[in-house]
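Here is the file structure-v5.cif (mmCIF, C-alpha atoms).
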data_run
loop_
_atom_site.group_PDB
_atom_site.id
_atom_site.type_symbol
_atom_site.label_atom_id
_atom_site.label_comp_id
_atom_site.auth_asym_id
_atom_site.auth_seq_id
_atom_site.Cartn_x
_atom_site.Cartn_y
_atom_site.Cartn_z
ATOM 1 C CA MET A 57 80.030 -169.665 98.636
ATOM 2 C CA SER A 58 80.623 -173.192 97.577
ATOM 3 C CA PRO A 59 79.593 -175.321 94.579
ATOM 4 C CA GLY A 60 76.517 -177.537 94.526
ATOM 5 C CA ILE A 61 76.649 -180.986 96.033
ATOM 6 C CA GLY A 62 76.914 -182.577 92.586
ATOM 7 C CA SER A 63 80.477 -181.245 92.271
ATOM 8 C CA TRP A 64 81.446 -182.868 95.555
ATOM 9 C CA ILE A 65 79.897 -186.178 94.529
ATOM 10 C CA VAL A 66 81.763 -186.110 91.216
ATOM 11 C CA LEU A 67 85.048 -185.217 92.945
ATOM 12 C CA SER A 68 84.731 -187.935 95.552
ATOM 13 C CA SER A 69 83.685 -190.574 93.017
ATOM 14 C CA ALA A 70 86.682 -189.631 90.856
ATOM 15 C CA LEU A 71 88.963 -190.105 93.871
ATOM 16 C CA PHE A 72 87.269 -193.399 94.713
ATOM 17 C CA CYS A 73 87.772 -194.692 91.175
ATOM 18 C CA VAL A 74 91.452 -193.715 91.195
ATOM 19 C CA GLY A 75 91.867 -195.661 94.437
ATOM 20 C CA LEU A 76 89.934 -198.610 93.039
ATOM 21 C CA ALA A 77 92.132 -198.704 89.952
ATOM 22 C CA GLY A 78 95.186 -198.579 92.213
ATOM 23 C CA VAL A 79 93.998 -201.548 94.269
ATOM 24 C CA LEU A 80 93.278 -203.566 91.139
ATOM 25 C CA VAL A 81 96.351 -202.603 89.121
ATOM 26 C CA ARG A 82 99.221 -202.583 91.594
ATOM 27 C CA ARG A 83 101.029 -205.699 92.819
ATOM 28 C CA ASN A 84 102.843 -204.170 95.769
ATOM 29 C CA PRO A 85 100.804 -204.672 98.978
ATOM 30 C CA LEU A 86 102.143 -201.387 100.380
ATOM 31 C CA VAL A 87 100.776 -199.401 97.452
ATOM 32 C CA ILE A 88 97.521 -201.366 97.632
ATOM 33 C CA LEU A 89 97.164 -200.163 101.228
ATOM 34 C CA LEU A 90 97.872 -196.585 100.102
ATOM 35 C CA SER A 91 95.187 -196.896 97.423
ATOM 36 C CA LEU A 92 92.756 -198.236 100.021
ATOM 37 C CA GLU A 93 93.379 -195.057 102.000
ATOM 38 C CA ILE A 94 92.440 -193.021 98.920
ATOM 39 C CA MET A 95 89.146 -194.913 98.662
ATOM 40 C CA LEU A 96 88.363 -194.471 102.365
ATOM 41 C CA ASN A 97 89.111 -190.770 102.138
ATOM 42 C CA ALA A 98 86.850 -190.384 99.099
ATOM 43 C CA GLY A 99 84.052 -191.810 101.241
ATOM 44 C CA ASN A 100 84.978 -189.448 104.069
ATOM 45 C CA LEU A 101 84.861 -186.447 101.747
ATOM 46 C CA LEU A 102 81.352 -187.374 100.657
ATOM 47 C CA LEU A 103 80.266 -187.835 104.285
ATOM 48 C CA VAL A 104 81.506 -184.380 105.258
ATOM 49 C CA ALA A 105 79.994 -182.793 102.132
ATOM 50 C CA GLY A 106 76.643 -184.464 102.782
ATOM 51 C CA SER A 107 76.776 -183.275 106.366
ATOM 52 C CA ARG A 108 77.306 -179.702 105.209
ATOM 53 C CA TYR A 109 74.506 -179.690 102.647
ATOM 54 C CA VAL A 110 71.923 -181.489 104.776
ATOM 55 C CA GLY A 111 72.904 -179.556 107.878
ATOM 56 C CA GLY A 112 73.825 -181.919 110.699
ATOM 57 C CA ASN A 113 77.012 -183.139 112.296
ATOM 58 C CA ASP A 114 76.324 -186.868 112.006
ATOM 59 C CA GLY A 115 78.466 -187.126 108.877
ATOM 60 C CA HIS A 116 81.425 -185.685 110.765
ATOM 61 C CA VAL A 117 81.003 -188.274 113.512
ATOM 62 C CA LEU A 118 80.905 -191.047 110.931
ATOM 63 C CA ALA A 119 83.956 -189.614 109.140
ATOM 64 C CA LEU A 120 85.939 -189.635 112.382
ATOM 65 C CA THR A 121 84.828 -193.220 112.998
ATOM 66 C CA VAL A 122 86.063 -194.170 109.534
ATOM 67 C CA MET A 123 89.398 -192.518 110.328
ATOM 68 C CA ALA A 124 89.817 -194.612 113.478
ATOM 69 C CA VAL A 125 88.885 -197.813 111.652
ATOM 70 C CA ALA A 126 91.301 -196.918 108.857
ATOM 71 C CA ALA A 127 94.095 -196.393 111.377
ATOM 72 C CA ALA A 128 93.448 -199.851 112.871
ATOM 73 C CA GLU A 129 93.298 -201.337 109.378
ATOM 74 C CA VAL A 130 96.663 -199.798 108.490
ATOM 75 C CA VAL A 131 98.214 -201.253 111.644
ATOM 76 C CA VAL A 132 97.000 -204.757 110.771
ATOM 77 C CA GLY A 133 97.938 -204.415 107.081
ATOM 78 C CA LEU A 134 101.427 -203.119 107.793
ATOM 79 C CA GLY A 135 101.872 -205.786 110.485
ATOM 80 C CA LEU A 136 101.036 -208.457 107.921
ATOM 81 C CA ILE A 137 103.450 -206.957 105.401
ATOM 82 C CA VAL A 138 106.268 -206.803 107.959
ATOM 83 C CA ALA A 139 105.548 -210.401 109.049
ATOM 84 C CA LEU A 140 105.649 -211.499 105.397
ATOM 85 C CA ALA A 141 108.917 -209.687 104.800
ATOM 86 C CA ARG A 142 110.480 -211.234 107.913
ATOM 87 C CA ARG A 143 109.596 -214.697 106.643
ATOM 88 C CA GLY A 144 111.298 -213.874 103.369
ATOM 89 C CA ALA A 145 108.134 -213.929 101.261
ATOM 90 C CA ALA A 146 108.071 -211.796 98.128
ATOM 91 C CA LEU A 147 106.107 -208.564 98.518
ATOM 92 C CA ASP A 148 103.949 -209.283 95.501
ATOM 93 C CA VAL A 149 100.264 -210.100 95.778
ATOM 94 C CA ASP A 150 100.513 -212.279 92.679
ATOM 95 C CA GLU A 151 103.130 -214.452 94.401
ATOM 96 C CA LEU A 152 101.190 -214.805 97.648
ATOM 97 C CA ARG A 153 98.916 -217.601 96.542
ATOM 98 C CA SER A 154 99.550 -220.316 99.107
ATOM 99 C CA LEU A 155 95.853 -220.128 100.091
ATOM 100 C CA HIS A 156 94.940 -220.697 96.479
ATOM 101 C CA GLY A 157 94.094 -224.354 97.049
ATOM 102 C CA MET B 155 86.597 -168.049 97.598
ATOM 103 C CA GLY B 156 85.086 -171.433 98.402
ATOM 104 C CA ILE B 157 84.795 -172.309 94.728
ATOM 105 C CA ALA B 158 88.420 -171.358 94.030
ATOM 106 C CA VAL B 159 89.640 -173.530 96.925
ATOM 107 C CA PHE B 160 87.362 -176.330 95.738
ATOM 108 C CA TYR B 161 88.898 -176.370 92.267
ATOM 109 C CA VAL B 162 92.521 -175.917 93.367
ATOM 110 C CA ALA B 163 92.414 -178.420 96.247
ATOM 111 C CA GLY B 164 90.229 -180.813 94.256
ATOM 112 C CA ALA B 165 92.686 -180.807 91.362
ATOM 113 C CA ALA B 166 95.555 -181.320 93.809
ATOM 114 C CA ALA B 167 93.688 -184.216 95.435
ATOM 115 C CA ILE B 168 93.017 -185.967 92.117
ATOM 116 C CA GLY B 169 96.533 -185.304 90.819
ATOM 117 C CA SER B 170 98.245 -186.625 93.927
ATOM 118 C CA ALA B 171 95.914 -189.649 94.027
ATOM 119 C CA ILE B 172 96.901 -190.513 90.460
ATOM 120 C CA ALA B 173 100.541 -190.002 91.454
ATOM 121 C CA VAL B 174 100.092 -192.526 94.290
ATOM 122 C CA VAL B 175 98.741 -195.104 91.858
ATOM 123 C CA VAL B 176 101.291 -194.678 89.046
ATOM 124 C CA GLN B 177 104.371 -193.914 91.149
ATOM 125 C CA ARG B 178 106.852 -196.800 91.060
ATOM 126 C CA ASN B 179 108.742 -195.845 94.187
ATOM 127 C CA PRO B 180 106.588 -196.591 97.279
ATOM 128 C CA PHE B 181 108.335 -193.870 99.275
ATOM 129 C CA LEU B 182 107.305 -191.213 96.740
ATOM 130 C CA ALA B 183 103.833 -192.778 96.583
ATOM 131 C CA ALA B 184 103.499 -192.320 100.348
ATOM 132 C CA LEU B 185 104.649 -188.704 100.074
ATOM 133 C CA SER B 186 102.047 -188.121 97.346
ATOM 134 C CA LEU B 187 99.426 -189.577 99.668
ATOM 135 C CA ILE B 188 100.413 -187.016 102.326
ATOM 136 C CA LEU B 189 99.792 -184.253 99.759
ATOM 137 C CA HIS B 190 96.471 -185.910 98.907
ATOM 138 C CA LEU B 191 95.409 -185.962 102.558
ATOM 139 C CA ALA B 192 96.444 -182.334 103.046
ATOM 140 C CA SER B 193 94.373 -181.182 100.076
ATOM 141 C CA LEU B 194 91.419 -183.151 101.440
ATOM 142 C CA ALA B 195 91.859 -181.278 104.727
ATOM 143 C CA ALA B 196 91.599 -178.006 102.769
ATOM 144 C CA LEU B 197 88.387 -179.291 101.189
ATOM 145 C CA TYR B 198 87.009 -180.129 104.658
ATOM 146 C CA LEU B 199 87.698 -176.531 105.657
ATOM 147 C CA VAL B 200 85.595 -175.322 102.702
ATOM 148 C CA LEU B 201 82.816 -177.536 104.066
ATOM 149 C CA GLN B 202 83.237 -176.031 107.572
ATOM 150 C CA GLY B 203 84.359 -179.375 108.936
ATOM 151 C CA ASP B 204 87.036 -177.708 111.047
ATOM 152 C CA PHE B 205 87.483 -180.516 113.539
ATOM 153 C CA VAL B 206 87.542 -183.216 110.854
ATOM 154 C CA ALA B 207 90.150 -181.214 108.930
ATOM 155 C CA VAL B 208 92.431 -180.950 111.961
ATOM 156 C CA ALA B 209 91.911 -184.630 112.827
ATOM 157 C CA GLN B 210 92.711 -185.497 109.213
ATOM 158 C CA LEU B 211 96.049 -183.689 109.435
ATOM 159 C CA LEU B 212 96.953 -185.012 112.883
ATOM 160 C CA VAL B 213 95.783 -188.606 112.551
ATOM 161 C CA TYR B 214 96.261 -189.314 108.858
ATOM 162 C CA ALA B 215 98.946 -187.036 107.497
ATOM 163 C CA GLY B 216 100.746 -187.256 110.816
ATOM 164 C CA ALA B 217 100.485 -190.583 112.608
ATOM 165 C CA VAL B 218 99.332 -193.044 109.939
ATOM 166 C CA MET B 219 101.686 -191.813 107.249
ATOM 167 C CA VAL B 220 104.664 -191.813 109.606
ATOM 168 C CA MET B 221 103.903 -195.487 110.250
ATOM 169 C CA PHE B 222 103.778 -196.109 106.502
ATOM 170 C CA LEU B 223 107.102 -194.364 105.939
ATOM 171 C CA PHE B 224 108.716 -196.324 108.776
ATOM 172 C CA VAL B 225 107.621 -199.631 107.267
ATOM 173 C CA ILE B 226 108.777 -198.580 103.789
ATOM 174 C CA ALA B 227 112.143 -197.586 105.236
ATOM 175 C CA TYR B 228 112.324 -200.885 107.153
ATOM 176 C CA LEU B 229 111.640 -202.919 104.018
ATOM 177 C CA GLY B 230 114.145 -200.952 101.944
ATOM 178 C CA ASP B 231 114.771 -202.444 98.505
ATOM 179 C CA ARG B 232 112.193 -205.174 98.993
ATOM 180 C CA ALA B 233 109.422 -202.548 98.927
ATOM 181 C CA ASP B 234 110.246 -201.580 95.345
ATOM 182 C CA LEU B 235 108.044 -203.263 92.797
ATOM 183 C CA ASP B 236 106.973 -202.341 89.297
ATOM 184 C CA LEU B 237 103.479 -201.609 88.166
ATOM 185 C CA ARG B 238 101.572 -204.730 87.334
ATOM 186 C CA ARG B 239 102.422 -205.673 83.795
ATOM 187 C CA GLY B 240 99.729 -205.132 81.204
ATOM 188 C CA GLY B 241 97.077 -207.683 80.444
ATOM 189 C CA ILE B 242 93.390 -208.340 80.776
ATOM 190 C CA GLY B 243 93.422 -207.508 84.490
ATOM 191 C CA THR B 244 94.869 -204.021 84.081
ATOM 192 C CA GLY B 245 92.516 -203.126 81.247
ATOM 193 C CA ALA B 246 89.526 -204.457 83.157
ATOM 194 C CA ALA B 247 90.563 -202.507 86.272
ATOM 195 C CA ALA B 248 90.865 -199.226 84.385
ATOM 196 C CA LEU B 249 87.562 -199.924 82.619
ATOM 197 C CA ALA B 250 85.808 -200.726 85.903
ATOM 198 C CA GLY B 251 87.058 -197.507 87.488
ATOM 199 C CA LEU B 252 86.009 -195.445 84.475
ATOM 200 C CA ALA B 253 82.590 -197.138 84.273
ATOM 201 C CA ILE B 254 81.812 -196.466 87.942
ATOM 202 C CA PHE B 255 82.921 -192.855 87.554
ATOM 203 C CA ILE B 256 80.789 -192.235 84.452
ATOM 204 C CA GLU B 257 77.839 -193.926 86.104
ATOM 205 C CA THR B 258 78.132 -191.640 89.117
ATOM 206 C CA VAL B 259 78.444 -188.525 86.959
ATOM 207 C CA VAL B 260 75.281 -189.470 85.055
ATOM 208 C CA ALA B 261 73.445 -190.335 88.260
ATOM 209 C CA VAL B 262 74.209 -187.027 89.996
ATOM 210 C CA SER B 263 73.863 -184.800 86.935
ATOM 211 C CA ASP B 264 70.711 -183.120 88.318
ATOM 212 C CA SER B 265 71.462 -183.450 92.039
ATOM 213 C CA ASP B 266 72.176 -179.708 92.267
ATOM 214 C CA SER B 267 68.461 -179.079 91.859
ATOM 215 C CA VAL B 268 67.867 -181.095 95.031
ATOM 216 C CA LEU B 269 70.761 -179.867 97.178
ATOM 217 C CA GLY B 270 72.129 -176.916 95.222
ATOM 218 C CA SER B 271 73.348 -174.863 98.142
ATOM 219 C CA PRO B 272 74.644 -175.648 101.620
ATOM 220 C CA ALA B 273 72.200 -175.709 104.491
ATOM 221 C CA LYS B 274 72.078 -172.771 106.866
ATOM 222 C CA VAL B 275 74.008 -173.860 109.923
ATOM 223 C CA ALA B 276 74.971 -172.325 113.226
ATOM 224 C CA ASP B 277 78.503 -171.152 113.956
ATOM 225 C CA SER B 278 79.046 -174.208 116.119
ATOM 226 C CA PHE B 279 78.735 -176.482 113.054
ATOM 227 C CA GLY B 280 81.672 -178.863 112.921
ATOM 228 C CA SER B 281 83.225 -177.596 116.155
ATOM 229 C CA PRO B 282 84.874 -180.030 118.569
ATOM 230 C CA GLN B 283 82.184 -179.291 121.188
ATOM 231 C CA THR B 284 79.352 -180.275 118.874
ATOM 232 C CA ILE B 285 81.047 -183.419 117.620
ATOM 233 C CA GLY B 286 82.189 -184.422 121.096
ATOM 234 C CA ARG B 287 78.673 -184.059 122.429
ATOM 235 C CA LEU B 288 77.309 -186.166 119.569
ATOM 236 C CA PHE B 289 79.906 -188.852 120.265
ATOM 237 C CA LEU B 290 78.900 -189.043 123.923
ATOM 238 C CA THR B 291 75.133 -188.933 123.352
ATOM 239 C CA ASP B 292 73.678 -190.081 120.020
ATOM 240 C CA HIS B 293 76.697 -192.054 118.843
ATOM 241 C CA LEU B 294 77.961 -193.535 122.080
ATOM 242 C CA LEU B 295 77.948 -197.052 120.610
ATOM 243 C CA ALA B 296 80.229 -195.966 117.756
ATOM 244 C CA PHE B 297 82.542 -194.317 120.286
ATOM 245 C CA GLU B 298 82.837 -197.499 122.367
ATOM 246 C CA ALA B 299 83.239 -199.626 119.244
ATOM 247 C CA ILE B 300 86.129 -197.397 118.126
ATOM 248 C CA SER B 301 87.906 -197.935 121.430
ATOM 249 C CA LEU B 302 87.559 -201.716 121.056
ATOM 250 C CA ILE B 303 88.731 -201.626 117.430
ATOM 251 C CA LEU B 304 91.793 -199.581 118.342
ATOM 252 C CA LEU B 305 92.614 -201.955 121.212
ATOM 253 C CA VAL B 306 92.323 -205.002 118.949
ATOM 254 C CA GLY B 307 94.388 -203.196 116.310
ATOM 255 C CA ALA B 308 97.159 -202.439 118.797
ATOM 256 C CA ILE B 309 97.251 -206.070 119.983
ATOM 257 C CA ALA B 310 97.238 -207.287 116.378
ATOM 258 C CA GLY B 311 100.147 -204.984 115.559
ATOM 259 C CA VAL B 312 102.231 -206.428 118.399
ATOM 260 C CA VAL B 313 101.326 -210.046 117.610
ATOM 261 C CA LEU B 314 101.950 -209.698 113.871
ATOM 262 C CA GLY B 315 105.109 -207.665 114.280
ATOM 263 C CA ALA B 316 106.801 -209.572 117.105
ATOM 264 C CA GLY B 317 104.636 -212.634 117.722
ATOM 265 C CA ASP B 318 107.528 -215.099 117.660
ATOM 266 C CA LEU B 319 109.296 -213.157 120.413
ATOM 267 C CA LEU B 320 106.359 -213.389 122.802
ATOM 268 C CA PRO B 321 106.312 -216.152 125.460
ATOM 269 C CA LYS B 322 104.492 -219.202 124.119
ATOM 270 C CA GLY B 323 101.841 -219.563 126.802
ATOM 271 C CA PRO B 324 100.779 -218.352 130.224
ATOM 272 C CA SER B 325 103.337 -219.143 132.877
ATOM 273 C CA THR B 326 101.970 -221.744 135.267
ATOM 274 C CA GLY B 327 104.118 -221.006 138.264
ATOM 275 C CA PRO B 328 107.685 -220.369 139.350
ATOM 276 C CA GLU B 329 108.638 -224.050 139.541
ATOM 277 C CA GLU B 330 107.610 -224.842 135.946
ATOM 278 C CA ARG B 331 109.243 -221.806 134.465
ATOM 279 C CA GLU B 332 112.227 -222.412 132.244
ATOM 280 C CA PRO B 333 115.601 -221.495 133.750
ATOM 281 C CA ARG B 334 116.722 -217.992 132.850
ATOM 282 C CA GLY B 335 119.714 -219.132 130.859
ATOM 283 C CA GLU B 336 117.616 -221.237 128.486
ATOM 284 C CA ARG B 337 115.142 -218.475 127.946
ATOM 285 C CA TYR B 338 117.879 -216.157 126.798
ATOM 286 C CA ASP B 339 119.164 -218.912 124.508
ATOM 287 C CA LEU B 340 115.716 -219.225 122.963
ATOM 288 C CA ARG B 341 115.650 -215.547 122.152
ATOM 289 C CA ARG B 342 119.109 -215.695 120.660
ATOM 290 C CA GLU B 343 117.988 -218.650 118.578
ATOM 291 C CA VAL B 344 115.025 -216.690 117.223
ATOM 292 C CA ARG B 345 117.277 -213.747 116.423
ATOM 293 C CA ARG B 346 119.799 -216.055 114.732
ATOM 294 C CA ARG B 347 117.095 -217.618 112.555
ATOM 295 C CA GLU B 348 115.829 -214.189 111.618
ATOM 296 C CA LEU B 349 119.296 -213.095 110.545
ATOM 297 C CA GLU B 350 119.630 -216.276 108.508
ATOM 298 C CA ALA B 351 116.306 -215.664 106.786
ATOM 299 C CA GLU B 352 117.300 -212.095 106.017
ATOM 300 C CA SER B 353 120.658 -213.084 104.586
ATOM 301 C CA GLU B 354 118.895 -215.675 102.431
ATOM 302 C CA VAL B 355 116.630 -212.975 101.071
ATOM 303 C CA GLY B 356 119.601 -210.723 100.421
ATOM 304 C CA ALA B 357 121.450 -213.491 98.555
#
Just give me the structure as structure tokens.
Amino acid sequence: MSPGIGSWIVLSSALFCVGLAGVLVRRNPLVILLSLEIMLNAGNLLLVAGSRYVGGNDGHVLALTVMAVAAAEVVVGLGLIVALARRGAALDVDELRSLHG
Amino acid sequence: MGIAVFYVAGAAAIGSAIAVVVQRNPFLAALSLILHLASLAALYLVLQGDFVAVAQLLVYAGAVMVMFLFVIAYLGDRADLDLRRGGIGTGAAALAGLAIFIETVVAVSDSDSVLGSPAKVADSFGSPQTIGRLFLTDHLLAFEAISLILLVGAIAGVVLGAGDLLPKGPSTGPEEREPRGERYDLRREVRRRELEAESEVGA
């Protein structure tokens, strides 16, 4: 027995909002990446829940696709952070404004 | 049983997500994210997404988070950074998150009357066989796109992480190649500059 789909939607939107707040509030690019993962996983949770309640496996396929894309995104994000650190730039998104114009 | 796991794992997921956001130490934030991902895997099990749950643990809590922890360890002290100091931005961010959440709660308040109970599904629901077959039939394009994305991601990781150590262009032939001695000098030069940059940061 499991709760109605409304509970899953509320749970996943709560997780998404926590991740969103993290992306907007934090200055450290590492923690911003971690918060992005929270948002992606909130979406994944809703995909799997929808799959269960509608009765089809397409949501699972899409969730696995999101996982692969998230893994690639983490590689690129961490690569950028390491490249920044090796050039001696401050790890602070408020300081990284050389593209500001 | 399902409802109990939903509440316990859901509370753990929200609590560890908040810990990720407010934790000052990035190492502890990453550990909280591992807890978050594990509780999500428990929630997937409630939803009979067995394969997704296992993939979540292997891919996310295993591989991706190990990469995160390696980078945090590599950066050391430089990874430590306070929360953003207060101001209009922080208030607006918290308000935006809260507004979206309240909006969703209002919007789904009567969704249980539409999809109140899970669909009746076969035992093979969420099994690796079913998902694998879907990937190779209905969602073949997504499958191929994933392989391309992962390839591009791997190349990007190498280029971003060690791009200045790669040879500058395609070699045009043995006679135009630089002598071995000089090539080794070039590498040593790169390494020397790196050490200089690092000592500047440390100072």
Chain B residues near chain A within 6 Å, closest pair each, using all atoms listed in the file, as a tab-separated table:
residue	atom	partner	partner_atom	distance
B:Gly156	CA	A:Ser58	CA	4.9
B:Ile157	CA	A:Ser58	CA	5.1
B:Val175	CA	A:Gly78	CA	5.0
B:Leu237	CA	A:Arg82	CA	5.6
B:Arg238	CA	A:Arg82	CA	5.3
B:Thr244	CA	A:Val81	CA	5.4
B:Ala247	CA	A:Ala77	CA	5.5
B:Ala248	CA	A:Ala77	CA	5.7
B:Gly251	CA	A:Cys73	CA	4.7
B:Phe255	CA	A:Ala70	CA	6.0
B:Val259	CA	A:Val66	CA	5.9
B:Val262	CA	A:Gly62	CA	5.8
B:Ser265	CA	A:Gly62	CA	5.5
B:Asp266	CA	A:Gly60	CA	5.4
B:Gly270	CA	A:Gly60	CA	4.5
B:Ser271	CA	A:Gly60	CA	5.5
B:Pro272	CA	A:Tyr109	CA	4.2
B:Ala273	CA	A:Tyr109	CA	5.0
B:Leu304	CA	A:Ala128	CA	5.7
B:Gly307	CA	A:Ala128	CA	4.9
B:Gly311	CA	A:Gly135	CA	5.4
B:Leu314	CA	A:Gly135	CA	5.2
B:Gly315	CA	A:Gly135	CA	5.3
B:Val355	CA	A:Gly144	CA	5.9
If you count all atoms listed in the file, which residues fall within 9 Å of Asp204 in chain B, apart from same-chain ones fewer than 4 positions away, as a ChimeraX atom specification?
/B:195,198-200,208-209,279-282
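The spacing separating CA of Val344 in chain B from CA of Pro180 in chain B amounts to 29.5 Å.
Take CA of Val275 in chain B and CA of Ser263 in chain B: the distance between them is 25.5 Å.
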May I have the residues within 10 Å of Leu191 in chain B as a PyMOL selection string, using only C-alpha atoms and disregarding those fewer than 4 positions away in the same chain?
(chain A and resi 93-94+97) or (chain B and resi 166-167+170-171+185-187+195-197+207+210-211+214-216+219)
Calculate, to one decimal in Å, the centre and edge lengths of the box along x, y and z of the file that holds all listed atoms of range 304-323 of chain B with 8 Å of margin on each side, and present them as AutoDock Vina command-line options.
--center_x 100.5 --center_y -209.6 --center_z 120.3 --size_x 33.5 --size_y 36.0 --size_z 28.9
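What separates CA of Ile303 in chain B from CA of Leu212 in chain B is a distance of 19.1 Å.
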